[in-house]
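Text of structure.txt, listed as compact mmCIF, C-alpha atoms:
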```txt
# COMPACT_ATOMS: atom_id res chain seq x y z
CA MET H 26 16.49 -2.69 5.64
CA CYS H 27 13.56 -0.43 4.95
CA GLY H 28 10.55 -2.67 4.42
CA THR H 29 8.73 -0.24 2.22
CA CYS H 30 10.97 0.74 -0.63
CA GLY H 31 13.65 -1.84 -0.06
CA CYS H 32 16.57 0.51 0.35
CA GLY H 33 19.32 -0.50 2.71
CA GLN H 34 18.41 1.80 5.55
CA ASN H 35 16.72 0.95 8.82
CA ASP H 36 14.59 4.03 8.62
CA GLN H 37 10.92 3.23 9.32
CA PRO H 38 8.57 5.39 7.31
CA ILE H 39 5.53 3.66 8.84
CA ARG H 40 3.71 6.02 11.20
CA ILE H 41 1.08 5.04 13.73
CA LEU H 42 -0.81 8.03 15.08
CA LYS H 43 -4.01 9.07 16.79
CA PRO H 44 -5.80 12.11 15.33
CA GLY H 45 -4.09 15.27 16.62
CA GLU H 46 -0.74 13.56 17.11
CA GLU H 47 0.65 14.38 13.69
CA GLU H 48 3.58 16.77 13.94
CA HIS H 49 4.16 17.90 10.37
CA PRO H 50 1.02 17.03 8.51
CA HIS H 51 1.96 19.07 5.44
CA SER H 52 5.69 18.64 5.20
CA TYR H 53 6.41 15.02 5.76
CA ILE H 54 9.95 14.30 4.72
CA HIS H 55 11.42 10.88 4.50
CA ALA H 56 14.79 10.57 2.88
CA HIS H 57 16.80 7.46 2.35
CA GLU H 58 20.33 7.28 1.19
CA HIS H 59 21.83 4.04 0.23
CA SER H 60 24.60 2.80 -1.92
CA HIS H 61 24.89 0.02 -4.43
CA GLY H 62 28.59 -0.73 -4.84
CA ASN H 63 30.23 2.64 -5.29
CA GLU H 64 27.13 4.36 -6.52
CA LEU H 65 24.78 6.29 -4.32
CA HIS H 66 21.14 6.90 -4.90
CA VAL H 67 18.83 8.95 -2.82
CA HIS H 68 15.11 8.66 -2.28
CA SER H 69 13.40 11.62 -0.79
CA HIS H 70 9.74 12.32 -0.56
CA ASP H 71 8.41 15.76 0.23
CA HIS H 72 6.42 18.38 -1.57
CA GLU H 73 9.19 19.00 -4.04
CA TYR H 74 9.36 15.29 -4.57
CA ALA H 75 12.86 14.48 -5.78
CA HIS H 76 13.59 10.94 -6.79
CA SER H 77 16.65 9.79 -8.60
CA HIS H 78 17.84 6.36 -9.44
CA ASP H 79 21.26 6.61 -10.91
CA PHE H 80 23.08 3.46 -10.34
CA GLU H 81 24.75 1.23 -12.81
CA ASP H 82 25.01 -2.11 -11.26
CA ALA H 83 28.21 -3.41 -12.75
CA HIS H 84 28.98 -6.02 -10.15
CA HIS H 85 25.88 -8.03 -10.80
CA ASP H 86 26.77 -9.91 -13.94
CA HIS H 87 24.80 -13.06 -13.91
CA GLU H 88 23.23 -15.49 -16.26
CA HIS H 89 19.65 -16.59 -16.01
CA LEU H 90 19.04 -20.26 -16.49
CA HIS H 91 15.41 -21.21 -16.87
CA GLU H 92 14.82 -24.90 -16.69
CA HIS H 93 11.35 -26.03 -17.67
CA LYS H 94 10.27 -29.50 -16.67
CA HIS H 95 6.62 -29.32 -17.51
CA GLY H 96 5.52 -32.91 -17.20
CA GLU H 97 6.54 -32.91 -13.56
CA GLY H 98 4.54 -29.82 -12.77
CA GLN H 99 7.59 -27.92 -11.70
CA HIS H 100 10.01 -25.51 -13.25
CA ASP H 101 13.00 -23.92 -11.66
CA HIS H 102 14.46 -20.48 -12.12
CA VAL H 103 18.14 -20.42 -11.35
CA HIS H 104 20.22 -17.27 -11.03
CA ASN H 105 23.81 -18.14 -11.33
CA HIS H 106 26.32 -15.76 -9.80
CA ASP H 107 29.89 -16.79 -10.13
CA HIS H 108 31.39 -17.57 -6.75
CA PRO H 109 33.59 -20.26 -5.31
CA HIS H 110 32.08 -22.91 -3.04
CA SER H 111 34.18 -24.31 -0.26
CA HIS H 112 33.18 -26.33 2.80
CA SER H 113 29.65 -25.48 1.94
CA ARG H 114 26.82 -26.95 3.99
CA GLN H 115 23.19 -27.40 3.18
CA ILE H 116 20.72 -26.27 5.87
CA VAL H 117 17.18 -27.48 5.46
CA ILE H 118 14.72 -24.80 6.58
CA GLU H 119 11.22 -25.63 5.25
CA GLU H 120 9.75 -22.52 6.82
CA ASP H 121 6.82 -20.58 5.44
CA ALA H 122 7.98 -17.21 4.11
CA LEU H 123 5.16 -15.50 5.99
CA HIS H 124 5.80 -17.49 9.16
CA ARG H 125 6.90 -14.42 11.14
CA ASN H 126 3.81 -12.48 10.18
CA ASP H 127 1.65 -15.48 11.05
CA LEU H 128 3.30 -15.77 14.47
CA ILE H 129 2.59 -12.14 15.31
CA ALA H 130 -0.94 -12.57 13.92
CA ALA H 131 -1.41 -15.55 16.25
CA ARG H 132 -0.23 -13.39 19.14
CA ASN H 133 -2.69 -10.65 18.17
CA ARG H 134 -5.45 -13.26 17.96
CA GLY H 135 -4.62 -14.50 21.47
CA TYR H 136 -4.83 -10.96 22.82
CA PHE H 137 -8.12 -10.33 21.01
CA ASP H 138 -9.55 -13.61 22.34
CA ALA H 139 -8.56 -12.79 25.90
CA LYS H 140 -10.14 -9.37 25.57
CA LYS H 141 -13.25 -10.92 23.96
CA LEU H 142 -12.92 -8.57 21.01
CA PHE H 143 -14.57 -9.28 17.69
CA VAL H 144 -12.05 -8.20 15.06
CA VAL H 145 -12.84 -7.47 11.42
CA ASN H 146 -10.21 -7.04 8.72
CA LEU H 147 -12.00 -4.85 6.18
CA VAL H 148 -10.56 -5.12 2.68
CA SER H 149 -11.50 -3.80 -0.75
CA SER H 150 -10.20 -1.87 -3.70
CA PRO H 151 -9.97 1.91 -3.18
CA GLY H 152 -13.29 3.72 -3.35
CA SER H 153 -15.71 0.87 -2.70
CA GLY H 154 -16.97 2.55 0.46
CA LYS H 155 -15.11 0.98 3.40
CA THR H 156 -14.81 4.19 5.40
CA SER H 157 -18.41 5.25 4.75
CA LEU H 158 -19.58 1.78 5.77
CA LEU H 159 -17.61 2.17 8.97
CA GLU H 160 -19.07 5.60 9.71
CA LYS H 161 -22.61 4.24 9.35
CA THR H 162 -21.73 1.12 11.34
CA ILE H 163 -20.35 3.22 14.20
CA ALA H 164 -23.54 5.29 14.25
CA ALA H 165 -25.74 2.17 14.20
CA LEU H 166 -23.82 0.50 17.04
CA LYS H 167 -24.04 3.51 19.34
CA GLY H 168 -25.25 2.34 22.74
CA LYS H 169 -25.12 -1.33 21.68
CA ALA H 170 -21.41 -2.10 21.49
CA GLU H 171 -18.08 -0.34 21.74
CA ILE H 172 -16.25 -0.09 18.45
CA TYR H 173 -12.59 0.74 17.84
CA VAL H 174 -10.92 1.36 14.51
CA ILE H 175 -7.45 0.98 13.03
CA GLU H 176 -7.18 2.84 9.75
CA GLY H 177 -4.62 1.81 7.15
CA ASP H 178 -3.67 4.16 4.32
CA GLN H 179 -0.47 5.01 2.53
CA GLN H 180 -0.76 8.65 3.55
CA THR H 181 -2.95 11.21 5.37
CA MET H 182 -4.98 11.24 8.58
CA ASN H 183 -8.18 11.85 6.58
CA ASP H 184 -9.89 8.56 7.35
CA ALA H 185 -8.89 8.63 11.03
CA ASN H 186 -10.36 12.11 11.31
CA ARG H 187 -13.61 10.92 9.72
CA ILE H 188 -13.82 7.98 12.14
CA LYS H 189 -13.05 10.19 15.13
CA ALA H 190 -15.80 12.55 14.03
CA ALA H 191 -18.14 9.55 13.77
CA GLY H 192 -17.38 8.87 17.43
CA ALA H 193 -15.02 5.90 17.62
CA PRO H 194 -11.50 5.74 19.10
CA VAL H 195 -9.12 5.39 16.17
CA VAL H 196 -5.46 4.95 15.33
CA GLN H 197 -4.15 5.66 11.86
CA ILE H 198 -1.36 3.61 10.30
CA ASN H 199 0.35 5.32 7.39
CA THR H 200 2.27 2.67 5.54
CA GLY H 201 4.30 5.13 3.45
CA ASN H 202 4.66 3.29 0.17
CA GLY H 203 3.47 -0.01 1.64
CA CYS H 204 0.54 -1.67 -0.07
CA HIS H 205 -0.89 -3.62 2.89
CA LEU H 206 -1.04 -3.80 6.68
CA ASP H 207 0.87 -6.56 8.42
CA ALA H 208 0.39 -8.17 11.81
CA ASP H 209 3.20 -6.20 13.43
CA MET H 210 1.72 -2.83 12.44
CA VAL H 211 -1.61 -3.95 13.89
CA HIS H 212 0.14 -5.15 17.06
CA LYS H 213 1.69 -1.70 17.54
CA ALA H 214 -1.51 0.16 16.70
CA THR H 215 -3.47 -2.07 19.10
CA LYS H 216 -1.20 -0.99 21.96
CA LYS H 217 -2.16 2.64 21.32
CA LEU H 218 -5.90 1.94 21.30
CA GLU H 219 -6.31 0.76 24.92
CA MET H 220 -9.50 -1.18 24.25
CA ASN H 221 -12.09 -2.40 26.75
CA GLU H 222 -13.42 -5.95 26.77
CA ASN H 223 -16.36 -7.17 24.68
CA GLY H 224 -15.90 -4.62 21.93
CA ILE H 225 -15.45 -4.61 18.21
CA LEU H 226 -12.22 -3.72 16.46
CA VAL H 227 -12.40 -2.94 12.77
CA ILE H 228 -9.11 -2.80 10.89
CA GLU H 229 -9.62 -0.94 7.65
CA ASN H 230 -6.86 -2.23 5.40
CA VAL H 231 -5.12 -0.30 2.63
CA GLY H 232 -7.40 -0.16 -0.43
CA ASN H 233 -5.97 -3.00 -2.49
CA LEU H 234 -7.43 -6.36 -3.47
CA VAL H 235 -4.09 -8.08 -3.99
CA CYS H 236 -1.44 -7.69 -1.30
CA PRO H 237 -3.53 -7.62 1.91
CA SER H 238 -4.90 -11.07 1.06
CA LEU H 239 -1.65 -12.74 2.09
CA PHE H 240 -1.25 -11.06 5.47
CA ASP H 241 -3.14 -12.46 8.43
CA LEU H 242 -3.61 -9.71 11.01
CA GLY H 243 -5.14 -11.89 13.71
CA GLU H 244 -8.71 -10.97 12.75
CA SER H 245 -11.81 -12.98 13.66
CA LYS H 246 -13.37 -12.42 10.22
CA ARG H 247 -12.16 -11.01 6.94
CA VAL H 248 -14.77 -8.89 5.18
CA VAL H 249 -14.31 -7.93 1.53
CA VAL H 250 -16.32 -5.04 0.11
CA ILE H 251 -17.13 -4.64 -3.58
CA SER H 252 -19.34 -1.96 -5.03
CA VAL H 253 -21.66 -2.20 -8.00
CA THR H 254 -19.71 0.49 -9.82
CA GLU H 255 -16.92 -2.08 -10.19
CA GLY H 256 -17.03 -5.08 -12.52
CA ASP H 257 -19.09 -8.08 -11.43
CA ASP H 258 -16.13 -10.30 -12.39
CA LYS H 259 -13.96 -8.85 -9.61
CA PRO H 260 -13.97 -12.14 -7.66
CA LEU H 261 -12.43 -13.90 -10.68
CA LYS H 262 -9.83 -11.18 -11.16
CA TYR H 263 -8.73 -11.17 -7.52
CA PRO H 264 -9.46 -14.73 -6.41
CA THR H 265 -7.05 -14.91 -3.45
CA MET H 266 -8.86 -12.11 -1.63
CA PHE H 267 -12.24 -13.75 -2.11
CA GLN H 268 -10.88 -17.13 -1.12
CA THR H 269 -9.48 -15.83 2.17
CA SER H 270 -12.55 -13.76 3.10
CA ASP H 271 -15.49 -14.89 5.24
CA ILE H 272 -17.96 -12.20 4.26
CA CYS H 273 -18.58 -10.29 1.04
CA ILE H 274 -20.43 -6.99 1.18
CA ILE H 275 -21.88 -5.74 -2.09
CA ASN H 276 -22.19 -1.98 -1.59
CA LYS H 277 -23.84 0.89 -3.47
CA THR H 278 -26.88 -1.21 -4.42
CA ASP H 279 -28.84 2.04 -4.82
CA LEU H 280 -26.90 2.50 -8.08
CA LEU H 281 -27.92 -0.86 -9.56
CA PRO H 282 -30.51 0.67 -11.95
CA TYR H 283 -27.75 2.76 -13.55
CA VAL H 284 -24.92 0.25 -13.94
CA ASP H 285 -24.36 -3.09 -15.65
CA PHE H 286 -23.34 -4.91 -12.48
CA ASP H 287 -25.08 -8.30 -12.24
CA VAL H 288 -25.39 -9.21 -8.55
CA ALA H 289 -26.26 -12.85 -9.22
CA LYS H 290 -23.21 -13.24 -11.45
CA ALA H 291 -20.88 -11.60 -8.91
CA ARG H 292 -22.19 -13.93 -6.20
CA GLU H 293 -21.79 -16.96 -8.44
CA TYR H 294 -18.20 -16.02 -9.34
CA ALA H 295 -17.31 -15.43 -5.68
CA LEU H 296 -18.88 -18.75 -4.64
CA ARG H 297 -16.85 -20.61 -7.24
CA ILE H 298 -13.75 -19.50 -5.39
CA ASN H 299 -15.13 -19.73 -1.90
CA PRO H 300 -18.31 -21.78 -1.42
CA LYS H 301 -18.47 -20.72 2.25
CA LEU H 302 -18.64 -16.99 1.55
CA LYS H 303 -21.63 -15.14 3.09
CA PHE H 304 -23.08 -12.03 1.45
CA PHE H 305 -24.63 -8.77 2.51
CA GLU H 306 -26.11 -6.53 -0.18
CA LEU H 307 -26.51 -2.99 1.02
CA SER H 308 -26.33 0.68 0.27
CA VAL H 309 -24.35 2.67 2.80
CA LYS H 310 -25.80 5.84 1.27
CA THR H 311 -29.50 5.04 1.62
CA GLY H 312 -29.12 2.66 4.56
CA GLU H 313 -30.99 -0.10 2.72
CA GLY H 314 -29.68 -3.52 3.76
CA MET H 315 -27.60 -2.15 6.66
CA GLU H 316 -29.70 -3.88 9.31
CA PRO H 317 -28.74 -7.50 8.57
CA TRP H 318 -25.09 -6.45 8.57
CA ILE H 319 -25.36 -4.70 11.95
CA ASP H 320 -27.30 -7.66 13.38
CA TRP H 321 -24.59 -10.03 12.18
CA VAL H 322 -21.84 -7.94 13.83
CA LEU H 323 -23.76 -7.87 17.12
CA GLU H 324 -24.36 -11.63 16.96
CA GLU H 325 -20.65 -12.23 16.48
CA VAL H 326 -19.77 -10.05 19.49
CA LYS H 327 -22.33 -11.86 21.61
CA GLY H 328 -20.81 -15.17 20.58
CA LEU H 329 -17.49 -14.18 22.15
CA SER H 330 -18.69 -13.51 25.67
CA MET N 20 4.54 -5.15 -4.54
CA HIS N 21 3.92 -7.38 -1.56
CA GLU N 22 6.66 -9.55 -3.03
CA PHE N 23 9.18 -7.18 -1.54
CA SER N 24 7.94 -7.49 2.02
CA ILE N 25 7.87 -11.25 1.51
CA ALA N 26 11.46 -11.13 0.25
CA LEU N 27 12.44 -9.25 3.40
CA SER N 28 10.75 -11.89 5.56
CA ILE N 29 12.70 -14.53 3.66
CA ILE N 30 15.95 -12.68 4.33
CA ASP N 31 15.04 -12.56 8.05
CA ILE N 32 14.54 -16.32 8.07
CA VAL N 33 17.77 -16.90 6.14
CA ASP N 34 19.67 -14.59 8.48
CA GLN N 35 18.43 -16.40 11.55
CA TYR N 36 19.32 -19.87 10.27
CA ALA N 37 22.70 -18.74 8.94
CA GLU N 38 23.58 -17.16 12.26
CA LYS N 39 22.51 -20.24 14.20
CA ALA N 40 24.75 -22.34 11.96
CA GLY N 41 27.69 -19.98 12.46
CA ALA N 42 27.85 -19.34 8.71
CA SER N 43 29.80 -16.47 7.23
CA VAL N 44 28.29 -16.51 3.76
CA VAL N 45 25.04 -17.75 2.25
CA ASN N 46 25.73 -19.22 -1.19
CA GLU N 47 22.26 -20.23 -2.20
CA ILE N 48 18.65 -19.74 -1.13
CA GLU N 49 16.02 -22.22 -2.28
CA ILE N 50 12.44 -21.01 -2.24
CA GLU N 51 9.25 -22.80 -3.22
CA VAL N 52 6.59 -20.65 -4.88
CA GLY N 53 3.23 -22.23 -5.56
CA GLU N 54 1.13 -21.34 -8.58
CA LEU N 55 -1.75 -20.34 -6.28
CA SER N 56 0.32 -18.59 -3.62
CA GLY N 57 -0.69 -15.10 -4.71
CA VAL N 58 2.88 -14.24 -5.59
CA VAL N 59 4.16 -13.46 -9.08
CA LEU N 60 7.25 -15.52 -9.81
CA ASP N 61 9.09 -12.83 -11.79
CA ALA N 62 8.30 -10.17 -9.19
CA MET N 63 9.54 -12.51 -6.46
CA GLU N 64 12.76 -13.07 -8.35
CA PHE N 65 13.27 -9.34 -8.77
CA ALA N 66 12.42 -8.64 -5.13
CA MET N 67 14.88 -11.28 -3.90
CA GLU N 68 17.67 -9.88 -6.06
CA SER N 69 17.18 -6.50 -4.34
CA ALA N 70 16.53 -7.82 -0.86
CA ILE N 71 19.78 -9.78 -0.60
CA LYS N 72 21.95 -6.72 -1.20
CA GLY N 73 24.06 -5.79 1.80
CA THR N 74 23.08 -8.94 3.68
CA ILE N 75 24.89 -12.17 4.52
CA ALA N 76 23.27 -13.52 1.32
CA ASP N 77 24.59 -10.68 -0.84
CA LYS N 78 26.00 -12.97 -3.52
CA ALA N 79 23.61 -15.85 -3.06
CA VAL N 80 22.11 -17.77 -5.94
CA ILE N 81 18.33 -17.55 -5.75
CA VAL N 82 16.66 -20.78 -6.76
CA LEU N 83 12.91 -20.53 -7.16
CA HIS N 84 11.04 -23.82 -7.40
CA PHE N 85 7.72 -23.35 -9.10
CA LEU N 86 5.02 -25.69 -7.80
CA GLN N 87 2.08 -26.27 -10.07
CA GLY N 88 -1.40 -26.02 -8.56
CA ARG N 89 -3.13 -29.35 -7.82
CA GLY N 90 -6.61 -29.71 -6.48
CA GLN N 91 -8.92 -32.45 -5.35
CA CYS N 92 -12.62 -32.10 -6.02
CA LEU N 93 -14.48 -32.38 -2.70
CA ASP N 94 -17.56 -33.62 -4.56
CA CYS N 95 -16.22 -36.38 -6.84
CA LYS N 96 -12.81 -36.82 -5.09
CA MET N 97 -10.86 -36.68 -8.38
CA GLU N 98 -7.48 -34.89 -8.46
CA PHE N 99 -6.57 -32.45 -11.21
CA ASP N 100 -4.31 -29.54 -12.19
CA LEU N 101 -5.60 -26.28 -10.77
CA GLN N 102 -4.33 -23.15 -12.50
CA ASN N 103 -6.85 -20.84 -10.87
CA LEU N 104 -8.82 -20.97 -7.65
CA PHE N 105 -12.03 -20.68 -9.70
CA ASP N 106 -11.35 -23.57 -12.09
CA PRO N 107 -14.16 -26.13 -12.23
CA CYS N 108 -13.47 -29.81 -11.67
CA PRO N 109 -12.80 -31.25 -15.15
CA PHE N 110 -14.56 -34.48 -14.13
CA CYS N 111 -17.83 -33.34 -12.56
CA GLY N 112 -17.86 -29.57 -13.24
CA SER N 113 -18.35 -28.47 -9.63
CA PHE N 114 -16.46 -25.57 -8.07
CA ASN N 115 -15.37 -27.18 -4.87
CA PRO N 116 -11.69 -28.04 -5.01
CA GLU N 117 -9.40 -28.50 -2.07
CA VAL N 118 -5.95 -27.17 -2.90
CA LYS N 119 -3.46 -30.02 -2.57
CA GLN N 120 -0.46 -28.17 -3.92
CA GLY N 121 0.28 -24.64 -5.09
CA LYS N 122 -0.28 -22.47 -2.00
CA GLU N 123 3.38 -22.86 -0.95
CA LEU N 124 5.53 -19.85 -0.25
CA ARG N 125 8.34 -21.47 1.64
CA VAL N 126 12.04 -21.11 2.32
CA LYS N 127 13.20 -24.62 1.56
CA ALA N 128 16.92 -24.62 2.28
CA ILE N 129 20.06 -22.56 2.21
CA ASN N 130 23.63 -23.42 1.34
CA VAL N 131 26.22 -21.72 3.52
CA ASP N 132 29.96 -21.55 4.12
```
What is this file in structure tokens?
Amino acid sequence: MCGTCGCGQNDQPIRILKPGEEEHPHSYIHAHEHSHGNELHVHSHDHEYAHSHDFEDAHHDHEHLHEHKHGEGQHDHVHNHDHPHSHSRQIVIEEDALHRNDLIAARNRGYFDAKKLFVVNLVSSPGSGKTSLLEKTIAALKGKAEIYVIEGDQQTMNDANRIKAAGAPVVQINTGNGCHLDADMVHKATKKLEMNENGILVIENVGNLVCPSLFDLGESKRVVVISVTEGDDKPLKYPTMFQTSDICIINKTDLLPYVDFDVAKAREYALRINPKLKFFELSVKTGEGMEPWIDWVLEEVKGLS
Amino acid sequence: MHEFSIALSIIDIVDQYAEKAGASVVNEIEIEVGELSGVVLDAMEFAMESAIKGTIADKAVIVLHFLQGRGQCLDCKMEFDLQNLFDPCPFCGSFNPEVKQGKELRVKAINVD
């Protein structure tokens, strides 16, 4: 099954490419056909974007039973399809739904450890300045440490091209419609990067503060970026991301005189969720506050060898 | 919609266990979803309904067990209901809970023929 849009086809719209490897950068076509009962519906994405959902799902008559047992802190949702039970057996599984991802993440982590790589999973909402931060970080690390980048975006090679121009080896993952990177995508992208020991790998996740929080990629540290043009209550709105992060970068501090963002409040909110969170306040644009961040990265790399 | 990729992982797990058991049909899938798991219950339900289509669990009943968040304050050691990761301890007011329950996102059991 396609893991992106959920249609019943094994087609993999996820592409992992180095800059220059793209074959049809302007006419990417990905079409899925799949049937529900006797109906057929087709997804196709190209420049004349055609998308039709015309299925009437007649065979899925079912009742919804919602049982609420509040006092016990538990309520069950039961979907009852009518089907006969015979010789049925109960198999106890008790397996975490993300177990497979976590296994691959653990494998990635083992590889990174053996290679003495310091790996950052860089997460944020779109537009908070992850790619610009990376460009400046690459420039600042020149001659001090080798840095590699995996770029995650739904579409385009734009960010990979920017990183390549900044001087770091890069692989772009286009997730298609996917809203996050998973450990397997990173595993495949890592193979293409051919990294040396004692370096830094930065995985720039898809701009999204929700979904990437649940997917361990095998990183050493998770770094969440917020910018002062966003609301200072972002940590409260997206608590899972702040809870699973190690570092919080507050970017675009040069704009503080012009916006209502309260840095102290944002820090307090984030610390409510994650008392261990460390902060860097900086402006990628002016370079103010970049030094402590670069020093921290270099310290972490040193700690691995 | 990370719920959909999670639903697909669940189907993978179900598939593997069903095959190991020599099952021909999966009648029921029981899943535990914690209040603090980062997954929306309704979205999970919807994603599972789509994800089972065309699989060995095509007609399976999806049973979602909702687990309420419970936390223990690391400062005063009291236990309390935790609806959000940023809730203060109702006893001492500090923001330092350890999540005791509610992070679950687990395939609990399946019923097969």
- Could you pull the residues within 7 Å of stretch 273-278 of chain H, counting only C-alpha atoms, minus those fewer than 5 positions along the same chain, as a PyMOL selection string? chain H and resi 248-253+302-309
- Two-atom distance - atom CA of H:Gly243, atom CA of H:Ala131 (Å): 5.8 Å
- Query: For chain H, which residue out of N:Asp34, N:Glu117, N:Asp132, N:Glu22 is the nearest one, using all atoms listed in the file?
  - Reply: N:Asp132
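You can rank H:Met182, H:Ala190, H:Val231, H:Leu296 by their closest distance to H:Pro260 using only C-alpha atoms, and at the top of that list sits H:Leu296.
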- What residues in chain N have any atom no more than 7 Å from chain H when counting all atoms listed in the file, and can you write them as a PyMOL selection string? chain N and resi 20-21+24-25+27-29+57+70+78+80-87+104-105+114+124-132
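Around the coordinate (-5.5, -27.6, -0.7), residues that reach within 10 Å when counting only C-alpha atoms are Leu55, Gly88, Arg89, Gly90, Gln91, Cys92, Pro116, Glu117, Val118, Lys119, Gln120, Gly121 and Lys122 of chain N.
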Please dump the current selection as a PDB file, keeping the file's coordinate frame; keep C-alpha atoms.
```pdb
ATOM      1  CA  LEU N  55      -1.750 -20.340  -6.280  1.00  0.00           C
ATOM      2  CA  GLY N  88      -1.400 -26.020  -8.560  1.00  0.00           C
ATOM      3  CA  ARG N  89      -3.130 -29.350  -7.820  1.00  0.00           C
ATOM      4  CA  GLY N  90      -6.610 -29.710  -6.480  1.00  0.00           C
ATOM      5  CA  GLN N  91      -8.920 -32.450  -5.350  1.00  0.00           C
ATOM      6  CA  CYS N  92     -12.620 -32.100  -6.020  1.00  0.00           C
ATOM      7  CA  PRO N 116     -11.690 -28.040  -5.010  1.00  0.00           C
ATOM      8  CA  GLU N 117      -9.400 -28.500  -2.070  1.00  0.00           C
ATOM      9  CA  VAL N 118      -5.950 -27.170  -2.900  1.00  0.00           C
ATOM     10  CA  LYS N 119      -3.460 -30.020  -2.570  1.00  0.00           C
ATOM     11  CA  GLN N 120      -0.460 -28.170  -3.920  1.00  0.00           C
ATOM     12  CA  GLY N 121       0.280 -24.640  -5.090  1.00  0.00           C
ATOM     13  CA  LYS N 122      -0.280 -22.470  -2.000  1.00  0.00           C
TER      14      LYS N 122
END
```
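Here atom CA of H:Glu171 is placed at a distance of 13.9 Å from atom CA of H:Leu329.
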- Could you pull the residues within 10 Å of N:Cys108, counting all atoms listed in the file, minus those fewer than 4 positions along the same chain, as a list in words? Gly90, Gln91, Cys92, Leu93, Asp94, Cys95, Lys96, Met97, Glu98, Phe99, Asp100, Leu101, Gly112, Ser113, Phe114, Asn115 and Pro116 of chain N
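Our summary of the geometry notes that atom CA of H:Lys327 is positioned 9.1 Å from atom CA of H:Phe143.
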- Task: Please provide the set of residues having any atom within 10 Å of H:Asp209, restricted to only C-alpha atoms, with same-chain residues fewer than 6 positions apart removed, written as JSON, numbers by chain.
- Result: {"H": [125, 126, 127, 128, 129, 130, 132, 133, 215, 242]}
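Considering only C-alpha atoms, the residue among H:Ile39, H:Ile198, H:Val326, H:Met315 positioned nearest to H:Val145 is H:Val326.
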Take stretch 97-109 of chain N, bring it up to N, CA and C atoms, and give me the output as an mmCIF file, in the coordinates of the input.
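After the write, out-v7.cif holds the following:
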```
data_model
loop_
_atom_site.group_PDB
_atom_site.id
_atom_site.type_symbol
_atom_site.label_atom_id
_atom_site.label_comp_id
_atom_site.auth_asym_id
_atom_site.auth_seq_id
_atom_site.Cartn_x
_atom_site.Cartn_y
_atom_site.Cartn_z
ATOM 1 N N MET N 97 -11.912 -36.545 -7.377
ATOM 2 C CA MET N 97 -10.860 -36.680 -8.380
ATOM 3 C C MET N 97 -9.813 -35.589 -8.189
ATOM 4 N N GLU N 98 -8.558 -35.888 -8.535
ATOM 5 C CA GLU N 98 -7.480 -34.890 -8.460
ATOM 6 C C GLU N 98 -7.198 -34.338 -9.844
ATOM 7 N N PHE N 99 -6.842 -33.063 -9.900
ATOM 8 C CA PHE N 99 -6.570 -32.450 -11.210
ATOM 9 C C PHE N 99 -5.670 -31.219 -11.045
ATOM 10 N N ASP N 100 -5.113 -30.765 -12.194
ATOM 11 C CA ASP N 100 -4.310 -29.540 -12.190
ATOM 12 C C ASP N 100 -5.221 -28.343 -11.981
ATOM 13 N N LEU N 101 -4.787 -27.444 -11.117
ATOM 14 C CA LEU N 101 -5.600 -26.280 -10.770
ATOM 15 C C LEU N 101 -4.772 -25.028 -11.054
ATOM 16 N N GLN N 102 -5.081 -24.372 -12.174
ATOM 17 C CA GLN N 102 -4.330 -23.150 -12.500
ATOM 18 C C GLN N 102 -4.884 -21.936 -11.774
ATOM 19 N N ASN N 103 -6.185 -21.965 -11.531
ATOM 20 C CA ASN N 103 -6.850 -20.840 -10.870
ATOM 21 C C ASN N 103 -7.764 -21.381 -9.784
ATOM 22 N N LEU N 104 -7.965 -20.538 -8.757
ATOM 23 C CA LEU N 104 -8.820 -20.970 -7.650
ATOM 24 C C LEU N 104 -10.266 -21.159 -8.088
ATOM 25 N N PHE N 105 -10.634 -20.592 -9.269
ATOM 26 C CA PHE N 105 -12.030 -20.680 -9.700
ATOM 27 C C PHE N 105 -12.214 -21.710 -10.817
ATOM 28 N N ASP N 106 -11.200 -22.551 -11.052
ATOM 29 C CA ASP N 106 -11.350 -23.570 -12.090
ATOM 30 C C ASP N 106 -12.358 -24.642 -11.662
ATOM 31 N N PRO N 107 -13.241 -25.051 -12.580
ATOM 32 C CA PRO N 107 -14.160 -26.130 -12.230
ATOM 33 C C PRO N 107 -13.453 -27.489 -12.277
ATOM 34 N N CYS N 108 -14.002 -28.459 -11.601
ATOM 35 C CA CYS N 108 -13.470 -29.810 -11.670
ATOM 36 C C CYS N 108 -13.694 -30.328 -13.103
ATOM 37 N N PRO N 109 -12.631 -30.797 -13.771
ATOM 38 C CA PRO N 109 -12.800 -31.250 -15.150
ATOM 39 C C PRO N 109 -13.603 -32.557 -15.240
#
```
